[in-house]
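Quick look at input_37.txt (compact mmCIF, C-alpha atoms):
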# COMPACT_ATOMS: atom_id res chain seq x y z
CA MET C 1 -11.41 40.95 67.21
CA GLY C 2 -8.94 39.67 64.69
CA ILE C 3 -5.69 40.27 62.90
CA HIS C 4 -7.29 42.68 60.40
CA ARG C 5 -9.73 44.51 62.69
CA ASP C 6 -8.91 46.89 65.54
CA GLY C 7 -10.89 47.19 68.75
CA GLY C 8 -10.03 44.25 70.96
CA PHE C 9 -8.92 46.49 73.84
CA ALA C 10 -12.06 48.67 73.75
CA GLU C 11 -14.37 48.88 76.75
CA TYR C 12 -17.22 47.51 74.63
CA VAL C 13 -16.97 45.33 71.52
CA GLU C 14 -19.80 44.38 69.18
CA THR C 15 -19.59 40.88 67.70
CA SER C 16 -21.72 38.09 66.34
CA PRO C 17 -23.02 35.63 68.99
CA ASP C 18 -21.38 32.87 66.93
CA ASN C 19 -18.01 34.22 68.12
CA LEU C 20 -18.87 33.92 71.82
CA HIS C 21 -17.92 31.06 74.12
CA LEU C 22 -19.09 30.48 77.67
CA VAL C 23 -16.14 30.43 80.05
CA PRO C 24 -16.81 28.25 83.12
CA ASP C 25 -16.48 29.84 86.55
CA SER C 26 -13.65 27.39 87.26
CA ILE C 27 -11.48 29.30 84.74
CA SER C 28 -10.34 32.69 86.01
CA ASP C 29 -10.40 35.78 83.81
CA GLU C 30 -6.59 35.72 83.68
CA GLU C 31 -6.56 32.08 82.61
CA ALA C 32 -9.21 32.81 79.99
CA VAL C 33 -6.72 35.12 78.27
CA PHE C 34 -4.94 31.96 77.10
CA ILE C 35 -7.94 30.34 75.39
CA GLU C 36 -7.14 31.80 71.97
CA PRO C 37 -3.39 31.01 71.89
CA LEU C 38 -4.01 27.53 73.32
CA ALA C 39 -6.62 26.92 70.63
CA ALA C 40 -4.03 27.95 68.03
CA CYS C 41 -1.64 25.38 69.49
CA ILE C 42 -4.30 22.68 69.33
CA GLN C 43 -4.82 23.49 65.65
CA LEU C 44 -1.33 22.25 64.73
CA THR C 45 -2.42 18.76 65.86
CA LYS C 46 -5.47 19.05 63.57
CA MET C 47 -3.47 20.01 60.51
CA ALA C 48 -0.89 17.22 60.86
CA VAL C 49 -1.20 14.13 63.03
CA ILE C 50 1.40 13.76 65.79
CA GLU C 51 1.65 10.07 66.53
CA PRO C 52 2.05 8.83 70.11
CA ASP C 53 5.58 7.74 70.95
CA SER C 54 7.09 10.10 68.37
CA ALA C 55 10.09 12.35 69.04
CA CYS C 56 9.09 16.02 69.26
CA ALA C 57 11.03 19.26 69.56
CA VAL C 58 9.81 22.81 70.19
CA VAL C 59 12.04 25.58 68.89
CA GLY C 60 11.34 28.78 70.83
CA PRO C 61 9.84 28.21 74.30
CA GLY C 62 8.05 31.55 74.59
CA ARG C 63 4.40 31.86 75.62
CA MET C 64 3.21 29.92 72.56
CA GLY C 65 6.00 27.37 72.78
CA LEU C 66 5.29 26.67 76.46
CA LEU C 67 1.65 25.98 75.65
CA VAL C 68 2.74 23.66 72.84
CA ILE C 69 5.08 21.78 75.20
CA GLN C 70 2.22 21.11 77.61
CA LEU C 71 -0.03 20.03 74.77
CA LEU C 72 2.58 17.66 73.33
CA LYS C 73 3.31 16.23 76.77
CA GLY C 74 -0.29 15.05 76.89
CA LEU C 75 0.25 13.14 73.62
CA ARG C 76 2.91 10.99 75.33
CA PRO C 77 5.86 11.53 72.98
CA ARG C 78 8.87 9.26 73.14
CA ARG C 79 11.02 12.34 73.59
CA LEU C 80 10.20 16.02 74.09
CA VAL C 81 12.89 18.68 73.68
CA ALA C 82 12.82 22.47 73.93
CA ILE C 83 15.42 24.64 72.19
CA GLY C 84 15.85 28.27 73.25
CA HIS C 85 18.02 30.79 75.07
CA ARG C 86 19.02 30.17 78.66
CA GLY C 87 16.69 31.94 81.04
CA PRO C 88 13.24 31.79 82.70
CA LYS C 89 11.43 30.56 79.59
CA LEU C 90 13.72 27.60 79.05
CA GLU C 91 13.55 26.78 82.74
CA MET C 92 9.75 26.84 82.52
CA ALA C 93 9.96 24.37 79.63
CA ARG C 94 11.94 22.07 81.92
CA ARG C 95 9.25 22.36 84.60
CA TYR C 96 6.69 21.28 82.02
CA GLY C 97 8.64 18.10 81.33
CA ALA C 98 10.84 18.90 78.34
CA GLU C 99 14.56 18.28 77.97
CA VAL C 100 16.05 21.73 77.45
CA PHE C 101 19.00 22.89 75.35
CA ASP C 102 20.39 26.28 74.42
CA VAL C 103 20.29 27.17 70.72
CA SER C 104 24.06 26.63 70.68
CA GLU C 105 23.58 23.03 71.84
CA VAL C 106 21.52 21.59 68.99
CA GLU C 107 24.10 18.89 68.32
CA SER C 108 23.80 17.81 71.96
CA ALA C 109 20.03 17.67 71.59
CA LEU C 110 20.41 15.31 68.63
CA GLY C 111 22.73 13.04 70.62
CA GLU C 112 25.81 11.08 69.60
CA ARG C 113 23.94 9.31 66.82
CA GLY C 114 22.52 12.53 65.43
CA THR C 115 18.97 11.23 65.82
CA LYS C 116 16.54 13.83 64.54
CA PHE C 117 12.89 14.47 65.38
CA ASP C 118 9.64 13.28 63.85
CA ASN C 119 7.98 16.62 64.65
CA VAL C 120 9.55 20.03 65.11
CA VAL C 121 7.30 22.90 66.18
CA GLU C 122 8.68 26.32 65.29
CA THR C 123 7.45 29.08 67.63
CA THR C 124 10.42 31.46 67.71
CA GLY C 125 8.72 34.46 66.13
CA ASN C 126 11.73 35.12 63.87
CA THR C 127 13.05 33.88 60.55
CA ASP C 128 15.99 31.98 62.05
CA GLY C 129 13.62 29.48 63.65
CA LEU C 130 12.70 27.81 60.36
CA GLU C 131 16.35 27.16 59.49
CA LEU C 132 16.94 25.64 62.91
CA ALA C 133 13.83 23.48 62.58
CA LEU C 134 15.15 22.14 59.25
CA LYS C 135 18.37 21.06 60.97
CA MET C 136 16.43 19.10 63.56
CA VAL C 137 13.68 17.35 61.59
CA LYS C 138 14.26 13.84 60.27
CA PRO C 139 13.57 12.76 56.67
CA ARG C 140 9.80 12.47 56.14
CA GLY C 141 9.27 14.39 59.38
CA THR C 142 7.03 17.41 59.85
CA ILE C 143 7.84 21.01 60.66
CA HIS C 144 4.87 22.74 62.27
CA LEU C 145 5.09 26.52 61.72
CA LYS C 146 3.44 28.84 64.24
CA SER C 147 5.48 32.05 63.87
CA THR C 148 3.66 35.02 62.34
CA HIS C 149 6.52 37.53 62.19
CA GLY C 150 5.30 39.00 58.90
CA VAL C 151 8.63 39.11 57.07
CA PRO C 152 10.00 36.91 54.24
CA ALA C 153 12.08 33.89 55.26
CA THR C 154 14.61 31.95 53.19
CA ILE C 155 14.28 28.19 53.08
CA ASP C 156 16.30 25.29 51.67
CA ALA C 157 13.67 23.95 49.28
CA THR C 158 16.03 21.28 47.95
CA ARG C 159 16.42 19.82 51.43
CA ILE C 160 12.65 19.72 51.84
CA VAL C 161 12.22 17.88 48.53
CA VAL C 162 15.10 15.44 48.94
CA ASP C 163 14.20 14.51 52.53
CA GLU C 164 10.44 14.61 51.78
CA ILE C 165 9.82 16.94 54.70
CA ARG C 166 6.33 18.24 55.36
CA VAL C 167 6.10 21.94 56.26
CA GLN C 168 2.70 22.61 57.80
CA GLY C 169 1.38 25.97 58.87
CA SER C 170 -1.59 26.45 61.18
CA ARG C 171 -3.43 29.43 62.54
CA CYS C 172 -6.54 29.63 64.73
CA GLY C 173 -8.05 26.61 66.46
CA PRO C 174 -10.97 25.17 68.46
CA PHE C 175 -11.87 27.32 71.48
CA ASP C 176 -14.06 24.60 72.99
CA GLU C 177 -11.14 22.18 73.25
CA ALA C 178 -8.91 24.87 74.72
CA ILE C 179 -11.53 25.66 77.36
CA ARG C 180 -11.77 21.98 78.26
CA LEU C 181 -7.98 21.66 78.69
CA LEU C 182 -7.86 24.71 80.95
CA GLU C 183 -10.86 23.60 82.97
CA SER C 184 -9.39 20.13 83.52
CA GLY C 185 -5.99 21.52 84.49
CA GLU C 186 -4.25 19.52 81.77
CA VAL C 187 -2.69 22.79 80.63
CA ARG C 188 -1.47 25.23 83.31
CA VAL C 189 -1.19 28.91 82.47
CA GLY C 190 -1.22 30.91 85.70
CA GLU C 191 2.57 30.81 86.08
CA LEU C 192 3.04 32.10 82.52
CA ILE C 193 1.77 35.57 83.47
CA THR C 194 4.86 37.57 84.37
CA HIS C 195 3.58 41.15 84.16
CA ARG C 196 0.26 42.97 84.70
CA PHE C 197 -0.55 46.54 83.63
CA PRO C 198 -3.58 48.85 83.70
CA LEU C 199 -4.69 50.08 80.27
CA VAL C 200 -3.37 53.59 80.96
CA GLU C 201 0.16 52.14 81.02
CA CYS C 202 -0.22 50.52 77.60
CA VAL C 203 3.06 51.88 76.21
CA ASP C 204 5.06 50.30 79.03
CA ALA C 205 3.01 47.12 78.72
CA PHE C 206 3.86 46.62 75.06
CA ARG C 207 7.51 47.44 75.71
CA ILE C 208 7.72 44.81 78.43
CA ALA C 209 5.70 42.31 76.39
CA SER C 210 8.34 42.39 73.65
CA SER C 211 11.25 41.97 76.07
CA LYS C 212 13.05 38.78 77.03
CA ASP C 213 11.84 39.19 80.61
CA SER C 214 8.20 38.65 79.68
CA ILE C 215 6.46 35.37 79.07
CA LYS C 216 2.91 36.76 79.09
CA THR C 217 2.01 40.36 79.81
CA ILE C 218 -1.66 41.15 80.37
CA PHE C 219 -3.88 44.16 80.95
CA LYS C 220 -5.86 44.42 84.17
CA VAL C 221 -9.10 46.07 83.04
Represent the supplied structure as structure tokens.
Amino acid sequence: MGIHRDGGFAEYVETSPDNLHLVPDSISDEEAVFIEPLAACIQLTKMAVIEPDSACAVVGPGRMGLLVIQLLKGLRPRRLVAIGHRGPKLEMARRYGAEVFDVSEVESALGERGTKFDNVVETTGNTDGLELALKMVKPRGTIHLKSTHGVPATIDATRIVVDEIRVQGSRCGPFDEAIRLLESGEVRVGELITHRFPLVECVDAFRIASSKDSIKTIFKV
């Protein structure tokens, strides 16, 4: 029901009709699981404009980052790069059309001229992601923060001021637009589901969901 209210995994949930959205039959129940995170990705484009033909990078190609990559691809960027750890998630980013680099290869991502990015989306889920995003964003560029790890993070405020960098956070977004993107097939999510569990195996489900092997773990109710 929300970050500050329990009950989302209950058999029945009471809510205001204003919170309900009709999911078309063309979207499966498993695909519908992605409406909320996809809406949150869309919100970053509402909070700060991403111009067509700009250079974009996504730091952290997990389940949120892979949705962002697909969303940015539709905006026709001049360049689209994903930075992460070698493995299935980074390979999925490649399948979605991004150039991929390991976190140890940031200098290679910038190229011989050290050309940085107009937009850097940080979806790592840890505090190191912000520092990496600062290394990659160009002066007067924008860092879009999506991580909600809940712990303090250090930041080079002087660098932000001197280079006139915009740091923009965003949270929840428009469900109707997310439903439209899923219905049209512009964003694909079926292949992001790597594990399925019944509710009675919830402990194992959460353990797997937090592992590197999982992109998206869901409950089969």
For this session: Show which residues sit within 12 Å of segment 84-101 of chain C, as number ranges by chain. Count only C-alpha atoms, and ignore same-chain residues fewer than 6 positions away.
Result: C: 55-74, 76-78, 107-111, 122-125, 128-129, 132-133, 186-189, 191-194, 211-216
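What separates atom CA of Cys41 of chain C from atom CA of Ala82 of chain C is a distance of 15.4 Å.
Closest to Ala39 of chain C among C:Val120, C:Ile165, C:Ala153, C:Cys172 is C:Cys172, based on all atoms listed in the file.
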Excluding His149 of chain C and any residue of its chain fewer than 2 positions from it, enumerate the residues within 9 Å of it, using all atoms listed in the file, and give them as a PDB file with C-alpha atoms, keeping the file's coordinate frame.
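Full text of out_23.pdb as output:
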ATOM      1  CA  GLY C 125       8.720  34.460  66.130  1.00  0.00           C
ATOM      2  CA  ASN C 126      11.730  35.120  63.870  1.00  0.00           C
ATOM      3  CA  THR C 127      13.050  33.880  60.550  1.00  0.00           C
ATOM      4  CA  SER C 147       5.480  32.050  63.870  1.00  0.00           C
ATOM      5  CA  VAL C 151       8.630  39.110  57.070  1.00  0.00           C
ATOM      6  CA  PRO C 152      10.000  36.910  54.240  1.00  0.00           C
TER       7      PRO C 152
END
Seminar exercise, completed: Of C:Val49, C:Gly150, C:Ala157, C:Asp163, the one sitting nearest Asn119 of chain C when using all atoms listed in the file is C:Val49
Which residues, protein or nucleic acid, reach to within 9 Å of (-10.4, 20.2, 68.4) in the file's coordinates when using all atoms listed in the file, and can you give that as a PDB file with C-alpha atoms, keeping the file's coordinate frame?
ATOM      1  CA  ALA C  39      -6.620  26.920  70.630  1.00  0.00           C
ATOM      2  CA  ILE C  42      -4.300  22.680  69.330  1.00  0.00           C
ATOM      3  CA  GLN C  43      -4.820  23.490  65.650  1.00  0.00           C
ATOM      4  CA  THR C  45      -2.420  18.760  65.860  1.00  0.00           C
ATOM      5  CA  LYS C  46      -5.470  19.050  63.570  1.00  0.00           C
ATOM      6  CA  GLY C 173      -8.050  26.610  66.460  1.00  0.00           C
ATOM      7  CA  PRO C 174     -10.970  25.170  68.460  1.00  0.00           C
ATOM      8  CA  PHE C 175     -11.870  27.320  71.480  1.00  0.00           C
ATOM      9  CA  ASP C 176     -14.060  24.600  72.990  1.00  0.00           C
ATOM     10  CA  GLU C 177     -11.140  22.180  73.250  1.00  0.00           C
ATOM     11  CA  ALA C 178      -8.910  24.870  74.720  1.00  0.00           C
TER      12      ALA C 178
END
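We find atom CA of Ser170 of chain C and atom CA of Tyr12 of chain C to be spaced 29.5 Å apart.
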Go ahead and find all residues with at least one atom no further than 10 Å from (-0.1, 43.9, 88.2) in the file's coordinates, using all atoms listed in the file; report them as a compact mmCIF listing (two decimals) with C-alpha atoms, in the frame of the given file.
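out-v3.txt written:
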# COMPACT_ATOMS: atom_id res chain seq x y z
CA ILE C 193 1.77 35.57 83.47
CA THR C 194 4.86 37.57 84.37
CA HIS C 195 3.58 41.15 84.16
CA ARG C 196 0.26 42.97 84.70
CA PHE C 197 -0.55 46.54 83.63
CA PRO C 198 -3.58 48.85 83.70
CA THR C 217 2.01 40.36 79.81
CA ILE C 218 -1.66 41.15 80.37
CA PHE C 219 -3.88 44.16 80.95
CA LYS C 220 -5.86 44.42 84.17
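As for atom CA of Leu80 of chain C and atom CA of Glu30 of chain C, they are spaced 27.6 Å apart.
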Exercise. With distances taken over only C-alpha atoms, which of C:Leu75, C:Val103, C:Ile160, C:Leu38 is nearest to Pro52 of chain C?
Worked result: C:Leu75
Problem set entry | Within 7 Å of Lys116 of chain C using all atoms listed in the file, minus same-chain residues under 5 positions, as a PyMOL selection string | chain C and resi 110+136-138
Problem set entry | Among the residues C:Ile83, C:Ala32, C:Val161, C:Ala40, the one that comes closest to Ile179 of chain C [using all atoms listed in the file] | C:Ala32
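If you count all atoms listed in the file and ignore residues fewer than 6 places along the chain from Gln168 of chain C, what sits within 7 Å of it is Ile143, His144 and Leu145 of chain C.
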For this session: Find, counting only C-alpha atoms, the residue in C:Arg113, C:Asp156, C:Ala10, C:Leu181 that gets nearest to Leu199 of chain C.
Result: C:Ala10
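Distance annotation: of C:Arg207, C:Glu201, C:Gly169, C:Gly185, the residue with the minimal separation from Glu31 of chain C is C:Gly185; atom set is all atoms listed in the file.
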